[in-house]
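The block underneath contains the structure these notes are about, expressed in structure tokens.
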Amino acid sequence: MRDREWYLDRMQAAEMWKVSTGKGITVAVLDTGVIPSVSELTGKVLPGKNFVDPQLGAHKDSDGHGTAMAMLIAGNGVNGQGVKGLAPDAHILPLTVFGSTKESATNSIPALVSAIRYAADSEAKIINMSLAYEYFTPDQDELTQIQQAVDYAIKRGKLLLAGTGNRGDKENTFAYPAATIGVVGIGAVDKTSSVTKFSVSGPQVALAAPGDEIPILCGGDMPGYCKSNGTSQATAIASASAALIWSMHPSWTGNQVLRVLMNTAGKPTEGAIPSRYIGYGTVRPRLAVLGDPGDPGPADVNPLVAARSPKSPSASAPSGSGSPSNSSKSSASPAVSAKADDGKGVGAMVWIIIGVAVVVIDGAVFLLRRRASALRR
């Protein structure tokens with residue numbers, strides 16, 4: 001299994017682990033729940049909370065997606081078996097925002113909002129949202145609720161990351177919460193540091209991370225491990241990257257960790273920065289962990305809010321992006337624009353879910369489709 005985790009070698013994880021393993025950092029995983037009994041996560045998963053089916057708790061995960069993301073962040077991968085997370089000593093706070101029933105599906109956005117606020121008041125420093133509302137756009141009231149929850153979390157010093165979506169080969173619509181102001185939208189790159197064709201592009205992309213050919217727990221009724229691709233995986237790896245840096249600088253805020261992630265990222269080799277394909281570049285935590293992280297900047301200023309125009313449909317879209325309603329058919333990025341300078345092959349990468357792993361993501365997508373139907377009714 002360890003040999004299949006190509007991105008760990010590319011990111012020089014073994015060298016980073018000599019200095020930082022993410023110890024002392026808790027990552028809130030807003031997903032389908034996390035199973036604490038899997039070998040990779042023993043002793044790492046906190047009680048958490050289920051916001052759609054409270055009686056089930058957050059340690060149930062019939063889909064497997066949340067557990068897989070938690071393993072990519074904090075898995076211990078003992079003796080090369082099982083998934084080794086990029087921040088193996090981090091802890092996981094599971095917050096369930098997707099359930100298995102129609103009723104819980106229609107409650108997904110209220111659950112997400114409540115979970116963000118809960119995470120903001122918890123010991124978690126990083127809020128990982130490996131999810132995207134790709135098949136419908138929340139209404140204005142829902143967007144406002146998400147934005148207010150995000151604003152609250154940022155004021156509490158948290159760092160929020162979300163996948164930009166996996167439909168970049170079909171359309172590039174704004175997906176939330178990645179398109180929410182202040183959230184770090186994560187795209188996916190492959191082994192060559194080029195954006196994957198599935199990764200959704202646009203002004204909502206802030207950073208990228210490995211997201212192609214990523215081994216994860218299959219989930220559902222399928223035993224074992226599967227090869228996967230997706231911005232979900234990229235988001236988890238980006239969150240783990242932040243955990244490695246934050247563990248070394250525990251007094252920093254999320255804004256400061258984000259600024260360092262942006263400053264040390266592998267920048268696009270051509271075109272404007274931020275790139276609509278990989279944002280400010282692919283994450284390279286090794287530069288901050290093994291070298292000089294540079295100036296983290298002010299604790300109370302989110303660099304994305306300061307540097308970029310509002311991303312919500314009710315505000316003006318960033319220059320050159322078109323409005324959310326008329327830019328959905330833009331093509332996937334050409335390789336030259338999507339490639340990052342990875343600095344001796346150590347670029348950050350983004351992930352996209354395909355093949356068997358789509359079954360995992362489709363658990364969430366299915367719920368979102370049902371919610372869309374409910375809204376139409």
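Just remember, in the structure tokens the first chain shown is A, the second B, etc., residues are 1-based per chain, and ligands are 1-based in the order shown.
Counting only C-alpha atoms, Gly43 (chain A) has the following residues at most 12 Å away, ignoring those fewer than 2 positions along the same chain: Ile35, Pro36, Ser37, Val38, Ser39, Glu40, Leu41, Val45, Leu46, Pro47, Ala74, Gly75, Asn76, Pro88, Asp89, Ala90, His91, Ile92 and Leu93 of chain A.
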Next item on the list: Kindly give the distance, in Å, that separates CA of Gln233 (chain A) and CA of Leu112 (chain A), rounded to a single decimal.
Entry: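 That distance, rounded to one decimal, is 18.8 Å.
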Checklist line | Residues flagged helix (DSSP H, G or I) by DSSP in region 69-257 of chain A, as a ChimeraX atom specification | finding: /A:69-74,78-80,102-106,108-120,140-155,231-248,254-257
Notebook entry, point to check: Residues at most 6 Å from Cys226 (chain A), counting only C-alpha atoms, excluding those fewer than 4 positions away in the same chain, as a list in words?
Noted result: Pro215, Ile216 and Cys218 of chain A
Checklist line | Surrounding residues of Arg4 (chain A) excluding itself and chain neighbours under 2 positions, 8 Å, only C-alpha atoms, as a list in words | finding: Met1, Arg2, Trp6, Ile214 and Pro215 of chain A
Take the residues from that selection and write them out as a CSV table (one decimal), in the first residue's frame, keeping N, CA and C atoms.
```csv
chain,number,residue,atom,x,y,z
A,1,MET,N,0.8,-1.2,0.0
A,1,MET,CA,0.0,0.0,0.0
A,1,MET,C,0.9,1.3,0.0
A,2,ARG,N,1.9,1.2,0.8
A,2,ARG,CA,2.8,2.4,0.9
A,2,ARG,C,3.4,2.8,-0.5
A,6,TRP,N,2.1,7.4,-4.1
A,6,TRP,CA,3.1,8.1,-4.8
A,6,TRP,C,3.3,9.5,-4.3
A,214,ILE,N,-5.2,7.8,-6.1
A,214,ILE,CA,-5.0,7.8,-4.7
A,214,ILE,C,-5.7,6.6,-4.1
A,215,PRO,N,-4.9,5.7,-3.4
A,215,PRO,CA,-5.6,4.5,-2.8
A,215,PRO,C,-6.4,4.9,-1.5
```
Item checked: DSSP strand (DSSP E) residues within region 34-222 of chain A, listed as a ChimeraX atom specification -> /A:49-50,91-96,126-129,159-163,184-189,205-210,214-219,222
Mind checking which residues fall within 12 Å of region 263-265 of chain A, counting only C-alpha atoms, ignoring those fewer than 4 positions away in the same chain, and posting them as a compact mmCIF listing (two decimals) with N, CA and C atoms, in the first residue's frame?
```txt
# COMPACT_ATOMS: atom_id res chain seq x y z
N MET A 11 6.00 14.48 -2.10
CA MET A 11 5.95 15.58 -1.14
C MET A 11 7.03 15.48 -0.06
N SER A 193 2.06 16.88 -11.91
CA SER A 193 1.73 18.21 -11.37
C SER A 193 0.81 18.99 -12.30
N ALA A 206 -8.36 27.95 -5.02
CA ALA A 206 -7.31 28.68 -4.30
C ALA A 206 -5.99 27.94 -4.30
N LEU A 207 -6.04 26.62 -4.18
CA LEU A 207 -4.84 25.79 -4.14
C LEU A 207 -5.16 24.45 -4.79
N ALA A 208 -4.13 23.66 -5.05
CA ALA A 208 -4.33 22.33 -5.58
C ALA A 208 -3.47 21.34 -4.79
N ALA A 209 -3.82 20.06 -4.90
CA ALA A 209 -3.10 19.01 -4.19
C ALA A 209 -3.24 17.71 -4.99
N ALA A 238 -4.61 18.40 1.32
CA ALA A 238 -4.31 19.81 1.61
C ALA A 238 -4.53 20.10 3.10
N SER A 241 -1.65 18.79 4.94
CA SER A 241 -0.51 19.68 4.74
C SER A 241 -0.55 20.84 5.73
N ALA A 242 -1.75 21.40 5.90
CA ALA A 242 -1.92 22.49 6.86
C ALA A 242 -1.65 22.02 8.28
N ILE A 245 2.09 22.00 9.12
CA ILE A 245 2.62 23.35 9.36
C ILE A 245 2.11 23.89 10.70
N GLN A 256 -3.07 32.65 8.97
CA GLN A 256 -1.62 32.63 8.84
C GLN A 256 -1.13 31.33 8.22
N VAL A 257 -1.73 30.22 8.61
CA VAL A 257 -1.36 28.94 7.98
C VAL A 257 -1.69 28.98 6.49
N LEU A 258 -2.85 29.52 6.16
CA LEU A 258 -3.24 29.63 4.76
C LEU A 258 -2.26 30.49 3.98
N ARG A 259 -1.86 31.61 4.55
CA ARG A 259 -0.93 32.50 3.85
C ARG A 259 0.39 31.78 3.55
N THR A 269 3.33 27.53 -14.07
CA THR A 269 4.49 27.86 -14.89
C THR A 269 4.18 28.94 -15.92
N ILE A 273 -1.60 34.59 -11.98
CA ILE A 273 -1.72 34.05 -10.64
C ILE A 273 -2.69 34.95 -9.87
N PRO A 274 -3.75 34.41 -9.31
CA PRO A 274 -4.08 32.99 -9.24
C PRO A 274 -4.58 32.42 -10.57
N ILE A 278 -5.32 25.96 -10.80
CA ILE A 278 -4.67 25.53 -9.56
C ILE A 278 -4.51 26.68 -8.57
N GLY A 279 -5.20 27.77 -8.80
CA GLY A 279 -5.16 28.88 -7.85
C GLY A 279 -3.77 29.45 -7.68
N TYR A 280 -3.32 29.53 -6.42
CA TYR A 280 -1.99 30.05 -6.12
C TYR A 280 -0.92 28.97 -6.21
N GLY A 281 -1.32 27.77 -6.62
CA GLY A 281 -0.35 26.71 -6.85
C GLY A 281 -0.67 25.43 -6.09
N THR A 282 0.19 24.44 -6.26
CA THR A 282 0.03 23.16 -5.58
C THR A 282 0.75 23.21 -4.23
N VAL A 283 0.13 22.65 -3.23
CA VAL A 283 0.66 22.76 -1.87
C VAL A 283 2.02 22.06 -1.76
N ARG A 284 2.95 22.73 -1.09
CA ARG A 284 4.28 22.18 -0.84
C ARG A 284 4.63 22.41 0.63
N PRO A 285 4.01 21.67 1.53
CA PRO A 285 4.27 21.90 2.96
C PRO A 285 5.72 21.70 3.35
N ARG A 286 6.46 20.93 2.60
CA ARG A 286 7.86 20.67 2.96
C ARG A 286 8.67 21.95 3.01
N LEU A 287 8.32 22.94 2.17
CA LEU A 287 9.08 24.18 2.18
C LEU A 287 8.92 24.91 3.50
N ALA A 288 7.73 24.83 4.09
CA ALA A 288 7.49 25.48 5.38
C ALA A 288 7.95 24.63 6.55
N VAL A 289 7.84 23.30 6.42
CA VAL A 289 8.21 22.39 7.51
C VAL A 289 9.71 22.20 7.60
N LEU A 290 10.35 22.05 6.45
CA LEU A 290 11.79 21.78 6.44
C LEU A 290 12.63 23.04 6.25
N GLY A 291 11.99 24.14 5.89
CA GLY A 291 12.72 25.38 5.64
C GLY A 291 12.09 26.56 6.36
N ASP A 292 12.21 27.70 5.75
CA ASP A 292 11.67 28.93 6.33
C ASP A 292 10.25 29.15 5.83
N PRO A 293 9.25 29.18 6.73
CA PRO A 293 7.87 29.36 6.28
C PRO A 293 7.58 30.78 5.80
N GLY A 294 8.48 31.71 6.09
CA GLY A 294 8.25 33.10 5.69
C GLY A 294 7.31 33.81 6.63
N ASP A 295 6.92 34.99 6.25
CA ASP A 295 6.06 35.83 7.07
C ASP A 295 4.62 35.33 7.01
N PRO A 296 4.04 34.90 8.14
CA PRO A 296 2.65 34.42 8.12
C PRO A 296 1.64 35.55 8.00
N GLY A 297 2.08 36.78 8.17
CA GLY A 297 1.18 37.91 8.03
C GLY A 297 0.27 38.09 9.23
N PRO A 303 -6.22 35.87 3.67
CA PRO A 303 -5.59 36.31 2.42
C PRO A 303 -6.46 36.13 1.19
N ALA A 340 2.19 23.04 -12.56
CA ALA A 340 2.85 23.88 -11.56
C ALA A 340 4.33 23.60 -11.52
N ASP A 341 5.09 24.62 -11.15
CA ASP A 341 6.51 24.45 -10.87
C ASP A 341 6.60 23.75 -9.53
N ASP A 342 6.92 22.44 -9.54
CA ASP A 342 6.87 21.70 -8.29
C ASP A 342 8.18 21.73 -7.52
N GLY A 343 9.17 22.38 -8.01
CA GLY A 343 10.41 22.51 -7.26
C GLY A 343 11.07 21.17 -7.03
N VAL A 346 8.49 18.20 -6.26
CA VAL A 346 7.78 18.10 -4.99
C VAL A 346 6.59 19.04 -4.97
N GLY A 347 5.84 19.06 -6.05
CA GLY A 347 4.67 19.92 -6.11
C GLY A 347 3.52 19.36 -5.30
N ALA A 348 2.60 20.22 -4.96
CA ALA A 348 1.41 19.76 -4.27
C ALA A 348 0.46 19.20 -5.29
N MET A 349 -0.47 18.36 -4.86
CA MET A 349 -1.32 17.71 -5.82
C MET A 349 -2.78 17.70 -5.41
```
Notebook entry, point to check: Near Glu142 (chain A), counting only C-alpha atoms, which residues have an atom at most 9 Å away, once you skip same-chain residues fewer than 5 positions from it, shown as number ranges by chain?
Noted result: A: 109-110, 113, 147
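Picture a line from CA of Val27 (chain A) to CA of Phe198 (chain A); it runs 25.9 Å.
Checking A:Ala243, A:Leu30, A:Leu95, A:Ala236 one by one against Gly48 (chain A), counting only C-alpha atoms, you find the shortest gap at A:Leu95.
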Next item on the list: Write out as a VMD selection string each polymer residue whose atoms come within 12 Å of Tyr118 (chain A), counting only C-alpha atoms; drop sequence neighbours fewer than 3 positions from it.
Entry: chain A and resid 28 to 30 48 to 51 93 to 97 111 to 115 121 to 125 127 149 to 150 152 to 153 156 158
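In this model, the gap between CA of Leu86 (chain A) and CA of Val34 (chain A) comes to 17.4 Å.
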Margin query: Taking only C-alpha atoms into account, name the residue in A:Val301, A:Val195, A:Ala87, A:Leu131 that is nearest to Ala14 (chain A).
Written below: A:Ala87
